[in-house]
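Novice: Sharing a structure here in structure tokens format.
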Amino acid sequence: MKLDPRTKLFMVFVVSLIVMMSATTPFLWAIRLSITLIPIILMILEKKYSSALKFLLAYASALVLTFYFLSEKSEGLIASLLIGYCGIVVQFMPAIITAWYVVRTTKIGEFMSCMQKMHVPDGIAVSLAVVMRFFPTIKEEYSSINDAMRMRGVMLGGGNVLRMFEFRMIPLLFSCVNIGEELSAAAITRGLGGEGKRSSVIELKLGLADYLLMTFLTAATVIFVVFKYFL
Amino acid sequence: MSIVELENVNFQYKGSKDGSLNNINLNIEKGQTVLLCGASGSGKTSIIRLINGLIPHYYSGELEGNITVAGHDVRKTELHELAGTVGTVFQNPRSQFFSVDTDGEIAFGPENIGLEPKEIKSRLNDVVAEMDLDELLGRSIFDLSGGQKQRIACASVAALLPDIILLDEPSSNLDFDSIELLRGTILEWKRQGKTIIISEHRLWYLKDAVDRVIYMENGVMEKEWTGEEFKGLSEEEVKSFKLRPIVLEEELISDIRGESASSFCEAENNIELKDFFFSYKRRPYLLFKKKFKESDGDLLNLNIPALKIPKGKVIGLVGPNGTGKSTFLRCLCGLEGDCKGKIVFDGKTYKGRQILKICYLVMQDVNHQLFTDSVKSEVMLSMKDEDETRCNEILESLGLLEYKDTHPMALSGGQKQRVAIASAIASGAEILLFDEPTSGLDYLHMEKVGELLNELASTGASVIVSTHDPELISECCDYVLGIKHGKAVYLKENKRLS
């Protein structure tokens with residue numbers, strides 16, 4: 001399935017919005033759950049079956065924990081850790097997974113073209129595109145650094161949490177700064193940053209899937225907000 | 001008519017002496033192909049940057065003199081105005097891509113200068129046809145090999161139709177066959193009448209393509225040859241200029257391409273490798289991972305049931321890119337947990353996590369494996385029991401003692417490499433693995449790395465070094481191990497070593 005980047009951006013927005021707002025009635029929960037299905041479907045579309053299953057299990061267990069074992073009156077260390085865990089899984093994970101899907105499936109060219117269609121200034125569009133371009137680079141660099149740490153047996157920083165963090169961050173920052181510098185030099189020599197308007201070879205068109213999904217997302221948002229605040 | 005004119009140019013980077021230029025006068029005619037050679041830091045890259053305007057617009061410093069490129073006064077011309085005139089292919093394929101997909105990358109330049117989508121598409125098609133890139137279209141940049149990335153980089157520069165094309169050490173990360181393709185691209189550009197300026201350490205692939213060769217030393221244009229004169233230089237002359245060789249032996253070429261005849265020589269003292277199987281393609285599994293076996297055949301990226309490697313020697317690991325050299329190194333040092341290989345030597349068998357303790361990989365980008373804030377603590381980190389005298393000994397032997405308290409990131413590339421080696425020795429590793437330690441190095445630095453590898457072997461360590469540098473093999477490797485399609489195809493003694 002091929003979605004327009006505009007639909008994808010709207011999807012990230014709606015998923016984060018609805019998942020973040022607290023659902024108070026069973027009906028609101030139903031909407032929220034159906035929205036949470038979106039990231040699961042996306043993972044299946046991307047053939048990440050085991051991740052989809054893991055997320056489904058984590059989500060279900062977090063829900064069960066929240067409803068049956070935890071309440072506002074829970075106290076103690078374990079309960080508070082569990083509340084934190086459930087909150088992250090239930091409220092943040094769906095949005096993170098959706099964002100991951102968008103970054104993974106959107107080409108930089110499509111993204112730039114989408115930004116132009118939405119009349120976002122080139123400066124902002126380029127900066128956002130660079131951020132998108134950097135995710136896979138950071139991942140690549142990070143995994144090399146992890147390998148190096150494993151080889152030296154310092155994965156746990158000698159039991160020191162701060163060093164564990166430091167050992168990963170320092171090489172990562174150095175290499176990202178270097179790559180960033182070379183990257184922008186290369187981009188400038190190919191005309192990035194000129195005064196003329198950029199053009200775009202990719203022509204975006206909203207398809208049936210886009211309209212359907214947008215309608216569904218808009219309807220879900222409207223119903224959720226109306227039922228939560230006005231009824 | 002001169003298309004590039006440098007007149008009495010002096011330049012010095014802000015805060016650094018390296019790469020400064022001294023009284024450069026250079027006229028390049030339209031359609032000429034010029035090679036810039038010389039040691040690292042001799043100013044080759046600075047000249048490239050003067051012509052594409054990155055000096056003074058991106059890298060600042062003190063600049064004197066006049067630079068005229070295709071009628072533009074570079075100092076007064078904005079960088080993006082030069083974009084349609086001058087194109088640059090950079091050294092590191094990893095950091096010159098703006099897009100994540102190949103099509104987007106080729107279209108990126110034309111989009112920047114605001115061409116019509118129709119025009120961009122026709123240019124894209126032209127470039128793809130010219131450079132035979134069909135099979136690379138629609139792919140993610142991150143899935144391409146170094147050679148493929150460099151071809152896309154060339155295409156994305158060509159799509160802007162520049163009259164002048166600059167290449168800054170373009171072959172550094174390429175294997176033999178990719179360099180041949182690069183040469184083809186350069187010859188095609190030459191045929192189209194483009195002006196080409198190349199800064200390079202590897203010279204053999206350019207000898208028939210260049211019209212002029214300029215030798216740089218300490219920021220000065222020290223010598224100039226015509227293409228014909230350059231081809232006629234003797235081996236000794238080339239060596240006296242500290243340049244890499246111009247001509248390669250046939251046998252060396254077939255060795256390095258993994259094309260030599262299959263044969264395995266025997267040594268007295270061996271390290272035995274057993275059951276090294278690995279694949280990046282995981283099969284579906286439910287509860288436990290399936291062990292890779294020899295019978296998995298074509299699925300395997302690494303398929304070495306048994307291999308004997310001479311102990312205490314320097315072994316050059318060769319073969320084309322993407323056929324298993326890096327996988328072999330990663331499995332050998334225990335980084336791929338799914339590879340259940342065993343290493344046997346001195347009567348002991350090592351497997352699983354024990355392998356991590358006796359093998360140590362010095363990565364191509366050593367920046368990834370330096371973590372602490374001083375050279376000394378870097379070495380101490382690798383020791384099980386911190387022992388300062390031993391640490392000093394190691395640093396002394398690698399000539400690093402005076403940098404003991406320096407931050408590793410403040411050192412030069414070669415010094416960083418030695419710090420990584422120091423921590424490898426400190427960790428007690430007996431098998432040292434090097435992943436392309438000399439790519440992008442000039443002759444002198446390459447020779448130094450070679451000497452260092454030999455020294456390590458003379459202290460009893462076994463050194464396995466993956467490389468595309470024929471020069472490194474001929475000068476320092478005792479043996480050559482060829483890998484192709486994940487299999488060991490030959491182990492030969494290097495007879496060039498006397």
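By order in the structure tokens, chains are A, B, ...; within a chain, residues start at 1; ligands start at 1, following the order shown.
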Give the residues of chain A that lie within 8 Å of chain B; count only C-alpha atoms, and format the answer as an NGL selection string.
Specialist: :A and (107-109 or 130 or 133 or 136 or 141 or 144-145 or 147-152 or 166-168 or 170-172 or 174-175 or 179-180 or 182-183 or 185-194 or 196-202)
Novice: May I have the residues within 10 Å of Thr226 of chain B as a PyMOL selection string, using only C-alpha atoms and disregarding those fewer than 6 positions away in the same chain?
Specialist: chain B and resi 34+210-214+232
Novice: Fewer than 2 positions away in the same chain doesn't count, so skip those; otherwise give me all residues within 12 Å of segment 63-77 of chain A, counting only C-alpha atoms, as a PyMOL selection string.
Specialist: chain A and resi 29+33+56-61+79-91
Novice: Excluding Val465 of chain B and any residue of its chain fewer than 6 positions from it, enumerate the residues within 10 Å of it, using only C-alpha atoms, and give them as an MDAnalysis selection string.
Specialist: chainID B and resid 314:318 325 329 361:362 432:438 453 472:473 477 480:481
Novice: Using C-alpha atoms, can you export the residues from the last selection as a short mmCIF file (atom, residue, chain, number, x, y, z; two decimals), in the first residue's frame?
Specialist:
```cif
data_model
loop_
_atom_site.label_atom_id
_atom_site.label_comp_id
_atom_site.auth_asym_id
_atom_site.auth_seq_id
_atom_site.Cartn_x
_atom_site.Cartn_y
_atom_site.Cartn_z
CA VAL B 314 50.56 -11.41 8.78
CA ILE B 315 47.79 -12.69 6.56
CA GLY B 316 46.22 -10.53 3.89
CA LEU B 317 42.52 -11.17 3.46
CA VAL B 318 41.47 -10.42 -0.11
CA LYS B 325 35.61 -10.53 4.01
CA LEU B 329 36.25 -10.83 10.33
CA LEU B 361 39.13 -6.24 15.50
CA VAL B 362 40.60 -2.84 14.68
CA LEU B 432 44.47 -9.20 15.73
CA LEU B 433 42.10 -8.41 12.90
CA PHE B 434 42.27 -5.27 10.78
CA ASP B 435 39.48 -4.09 8.51
CA GLU B 436 40.99 -2.15 5.62
CA PRO B 437 43.46 -0.19 7.72
CA THR B 438 45.13 1.56 4.78
CA LEU B 453 51.70 -5.19 11.33
CA LEU B 472 50.14 -3.43 1.25
CA ILE B 473 49.92 -7.10 0.32
CA CYS B 477 51.72 -9.90 4.13
CA VAL B 480 47.32 -14.17 1.17
CA LEU B 481 43.93 -15.66 1.98
#
```
Novice: Can you work out which one of B:Gly227, B:Gly31, B:Gly38, B:Pro310 has the shortest atom-to-atom distance to Glu493 of chain B, counting only C-alpha atoms?
Specialist: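 Closest residue, counting only C-alpha atoms: B:Pro310.
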Novice: B:Ala159, B:Ile483, B:Asn303, B:Ser474: which is nearest Glu249 of chain B, counting only C-alpha atoms?
Specialist: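 Ranking B:Ala159, B:Ile483, B:Asn303, B:Ser474 by distance to Glu249 of chain B, first place goes to B:Ser474.
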Novice: Within 9 Å of segment 267-277 of chain B, counting only C-alpha atoms, which residues qualify if same-chain residues fewer than 2 places away don't, as JSON, numbers by chain?
Specialist: {"B": [265, 279, 291, 292, 293, 294, 296, 300, 301, 302, 303, 304, 305, 306, 307, 308, 309, 310, 311, 312, 328, 331, 332, 338, 339, 340, 341, 342, 343, 344, 345, 346, 462, 486]}
Novice: Mind dumping the selected residues with C-alpha atoms as an mmCIF file, in the first residue's frame?
Specialist:
```cif
data_model
loop_
_atom_site.group_PDB
_atom_site.id
_atom_site.type_symbol
_atom_site.label_atom_id
_atom_site.label_comp_id
_atom_site.auth_asym_id
_atom_site.auth_seq_id
_atom_site.Cartn_x
_atom_site.Cartn_y
_atom_site.Cartn_z
ATOM 1 C CA CYS B 265 49.646 -24.063 1.554
ATOM 2 C CA SER B 279 24.051 -15.911 7.152
ATOM 3 C CA LYS B 291 22.202 -23.368 13.935
ATOM 4 C CA PHE B 292 23.707 -22.639 10.530
ATOM 5 C CA LYS B 293 25.161 -25.728 8.884
ATOM 6 C CA GLU B 294 27.243 -26.486 5.841
ATOM 7 C CA ASP B 296 22.531 -24.571 4.159
ATOM 8 C CA LEU B 300 25.217 -18.795 3.815
ATOM 9 C CA ASN B 301 27.202 -15.580 3.604
ATOM 10 C CA LEU B 302 30.089 -17.339 5.262
ATOM 11 C CA ASN B 303 30.786 -20.997 4.679
ATOM 12 C CA ILE B 304 34.092 -22.200 6.093
ATOM 13 C CA PRO B 305 33.859 -25.706 7.569
ATOM 14 C CA ALA B 306 37.575 -25.953 8.331
ATOM 15 C CA LEU B 307 40.590 -23.787 7.644
ATOM 16 C CA LYS B 308 44.175 -23.694 8.884
ATOM 17 C CA ILE B 309 45.785 -20.283 9.189
ATOM 18 C CA PRO B 310 49.502 -19.842 9.899
ATOM 19 C CA LYS B 311 50.097 -18.611 13.427
ATOM 20 C CA GLY B 312 52.222 -15.568 14.236
ATOM 21 C CA PHE B 328 34.559 -13.400 8.093
ATOM 22 C CA CYS B 331 32.482 -13.891 12.895
ATOM 23 C CA LEU B 332 36.128 -14.502 13.701
ATOM 24 C CA ASP B 338 24.795 -16.803 15.670
ATOM 25 C CA CYS B 339 28.057 -18.036 14.202
ATOM 26 C CA LYS B 340 29.074 -21.017 16.292
ATOM 27 C CA GLY B 341 32.640 -21.308 14.990
ATOM 28 C CA LYS B 342 35.483 -22.710 17.057
ATOM 29 C CA ILE B 343 39.085 -21.581 17.093
ATOM 30 C CA VAL B 344 41.777 -24.105 18.063
ATOM 31 C CA PHE B 345 45.363 -23.219 18.761
ATOM 32 C CA ASP B 346 48.136 -24.171 21.179
ATOM 33 C CA SER B 462 48.625 -13.489 14.458
ATOM 34 C CA GLY B 486 31.754 -16.702 1.599
#
```
Novice: Using only C-alpha atoms, pick whichever of A:Ala220, A:Ile96, A:Leu53, A:Met214 has the shortest atom-to-atom distance to Ala30 of chain A.
Specialist: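 Of A:Ala220, A:Ile96, A:Leu53, A:Met214, the one nearest Ala30 of chain A is A:Ala220, counting only C-alpha atoms.
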Novice: With distances taken over only C-alpha atoms, which of A:Leu9, A:Ile31, A:Cys176, A:Met155 is nearest to Val103 of chain A?
Specialist: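 Of A:Leu9, A:Ile31, A:Cys176, A:Met155, the one nearest Val103 of chain A is A:Leu9, counting only C-alpha atoms.
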Novice: Quick one: residues within 9 Å of segment 183-199 of chain B, only C-alpha atoms counted, chain neighbours fewer than 3 positions away excluded, as a ChimeraX atom specification?
Specialist: /B:3,28-38,44-45,47-48,130-131,151,154,158,162-170,178-180,205-206,209-210
Novice: In Å to one decimal, how far is atom CA of Thr7 of chain A from atom CA of Tyr211 of chain A?
Specialist: 8.3 Å
Novice: Which value, in Å to one decimal, gives the distance between atom CA of Glu5 of chain B and atom CA of Lys242 of chain B?
Specialist: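 We find that atom CA of Glu5 of chain B and atom CA of Lys242 of chain B lie 27.8 Å from each other.
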